[in-house]
Structures are given as C-alpha cells and as structure tokens.
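**Q** The structure's right below; bear with me while I get my questions together.
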Amino acid sequence: MEQTKERELAWLRTIAGELATTTITRLEDTLPWYSEMPPGRRSAIGLVAQSGISSFIQWYEDPATTPWIASDVFSAAPRELLRSISLQETLQLIRVVVTVVEDRVAPRSEPLREAVLHYSRDVAFAAADVYARAAEARGLWDARLEALVVDSILTGESDDELPSRIAALGWNGGGEAAVLVGTSDRAVDVDQIRRTARHAGADVLIGLQGNRLVLVLGRMQLDTKDPQAATVEPLPFIDIANRLGAHFASGPLVLGPTVDNLVEASRSARAALAGIAVARSWRGATRPVAADDLLPERALAGDGLARRSLIEQIYEPLTEQSAELLETIWCYVDNGRSLEATARELFVHPNTVRYRLKKVGEVIGWNPTGAREALIVQAALIVGSIAQNGRRAKGAPRK
C-alpha cells in the first residue's frame, strides 16, 4: 500500500508542470473573464492554480496538513487579486483546476480521483473563508470611514479629502442632499435603514453618536439609459424622512434644509442639530419637522444660521420690494393679525390689506395669515430690524 502511494506521488510530481500548463489553457478556453484580464492578473491566477496543484500533492502525501495547505493555496495571490475576481469566479477557477487534475488522474487510480474531489472541497471552503475575512475587514473599514465622513459633515471641518472618502464608500447619491437627525436606541438596524432609503430613491450615510442618530441623505443616481427612470419624480426629502421615521426612537426628528451636494451637507447638518435642540419648544411640531420651520425657536436660542436665514429669506426680500409691503406686514403682526385694525391704522380698506398680505406670501414663500407662519415672519422682522439698526449704529460717525 505504501509503495503504491509512493509511486503515485512520484508520478504526480512528474506531471505537475503538465497539469499547470493544461490548466492555463483550459482557463483561456472556458472562462471569458480570465482572457479579458491584464497580463499581471492572469499571471497571478496562474500562480494560484499552480500552487493548488502543488499543495494537492503535499496534501495527498500527508492529509493532516489540510488546515494550512488549503489556505496556503491563496497566499501566492497578491492582495489586489481579491478585489479583481469575485468569489464566484474563484470557485470557477477551482472547478477548472479540479477538472483538469481529475481527468488526468482518474484513469490511473480511483482512490487518487476521490482524493482530488476531497481536497477540492477543502480548497473551496478555504476560498470562502478568505473572501469572508476580506469582506469582514472591508466592512469594519467602511464603518470607520463612514463614521469619519459623517463626523466631518456634522462639524463642518471637511477638507479636500472628503470627496475621495465619500467615493471610497461607494456613495450612490447624486446632486441634492439633506441631513436627518433624531434619537435612537443602541440596537440600530443599519441594513434595514439602507434598504428603506434605497426603496425611497435615496442613498444614506449613517452616524450614531451616543443616542443621537444622524442620517445624511442623497438622491440615488438613476440609470440614464432607462427611459422609465427618467420619468420618475424623486420624492421630496421630507417624504423620505417620514419613511425613515420608524427607525428612530420616540422624540423630535428634524430634517435640515436641502443643499446642492453632499460636500455642502454641513450646512444642512448645522440647521438640523440646532433644530433638534429646540424642537420640543414648539408643541405643534410635526414628526419629522423641517429645521426651517423652527427658525424662531432657533434664533431665540442663539443660532446665528437661523438669524441669517430669517433675514435672507424674509426680511431682505420684503425690504427690496416696497416700503408699503413692509409697513403692512409690520402693522398686521403688531395689531394681533387683525385685518380691520391694520386697515384702520393704514387708512385703507381691509381688502387692500388682504391683497398686500397675499403679495407678501408670494414674495417670501410663507403665508403671514397663518398663526405659525406669522410667528416666523414676525421673528424675521425683529431680527432683521435689529441687524439693520446695528449696522447703522456701527456706521454712525462719532461725536
């Protein structure tokens, strides 16, 4: 028996080169992806195949070496080879090698053929283990990189490397972005969050800081070759946030304003963080609520971004229109939103006041006749007049 095995081992060593050459030829004939690879990658795959044959001979001599011999097959491959071929393609490679070896040794010995099949199973499991470890390492790296990107967006300390870090995460969002902030418990199902966002047509970056859950949303890039995709109207971010609300714990949920791209998402993040700090002060706040709907509360809390937004979105557009509109809205809020009292103070008909208020709504995008929106407008008037008087005081000559 020992003599028979020694003869088979000697024979296997003599045909090892022949088997390797035949394997390369078979790879070129049967696997299209192999032929399309650059020469360096094909050479690395050839080394893997040759290593597999040599390792089989060693394993056949001493099957106890299985734990390390099978894994050693892939040690000849450079690290980038794992990124070049998938697990499915690796298993196709193993199948070709096994077929070549089996075809050559089967006529000589049935035990030798069974040994080939047994060893191929071990190598297949080793391949799966290699890819699983690589995927696990990549997953941990991606999680750290994602946390770094979200932290950069929240702090506004982005640098020139931010776009490349975003690209490294496989970000599929394009164009507009917004930040959603709320609270969550420790058991956050990030896979389910990504699935929900994807079904809503958005990509998402996820950051968990203590009990605060931050989602950076971006519109998923559509397939431009698909005519149906071009006709699909993207969901507003507030609707996407509403679908994602179930993944947050109870409590306020604030959506920052929409920005042009992910690199500018820090502005949306600052607004959302400022909004989450004051959201409970508005009893009628929806869930989710837009950060811009909390402008009065944010301004009172000292948020400079909210004050600038009130001035730029409401006060300045009104002052640029006409003194008549500005005077009318001032009188309206000062008179408790009474049309009749405003008309008496301005010596005009109430219908004239209605017309002017409608014009105000068209200019600023907020309806000043609504209770909540009137508060936003009044806050903008106060903040704007303070800023204007402050500028005048600074420009006044000293006596």
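Simple scheme: letters A, B, ... for chains in structure tokens order, numbers from 1 for residues in each chain, numbers from 1 for ligands in the order shown.
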Set the distance at 10 Å and use only C-alpha atoms: which residues neighbour region 351-353 of chain A once local chain neighbours fewer than 4 positions away are removed? I'd like the list as a count of residues only.
**A** 14
**Q** Tell me, as a ChimeraX atom specification, which residues lie within 9 Å of Leu208 (chain A), counting only C-alpha atoms; anything in the same chain fewer than 4 positions away does not count.
**A** /A:147,184,186,188,212-215
**Q** Could those residues be written to a file, using C-alpha atoms, as a compact mmCIF listing (two decimals), in the first residue's frame?
**A**
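Written file, selection16.txt:
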```
# COMPACT_ATOMS: atom_id res chain seq x y z
CA ALA A 147 -18.24 57.48 10.83
CA SER A 184 -32.32 56.11 18.67
CA ARG A 186 -28.37 51.17 20.68
CA VAL A 188 -29.85 50.28 15.20
CA ARG A 212 -28.25 60.52 18.52
CA LEU A 213 -28.84 59.01 15.08
CA VAL A 214 -27.74 61.06 12.07
CA LEU A 215 -28.69 60.15 8.51
```
**Q** Mind pulling up the distance from CA of Leu154 (chain A) to CA of Arg270 (chain A)?
**A**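 Calculated distance between CA of Arg270 (chain A) and CA of Leu154 (chain A) is 6.7 Å.
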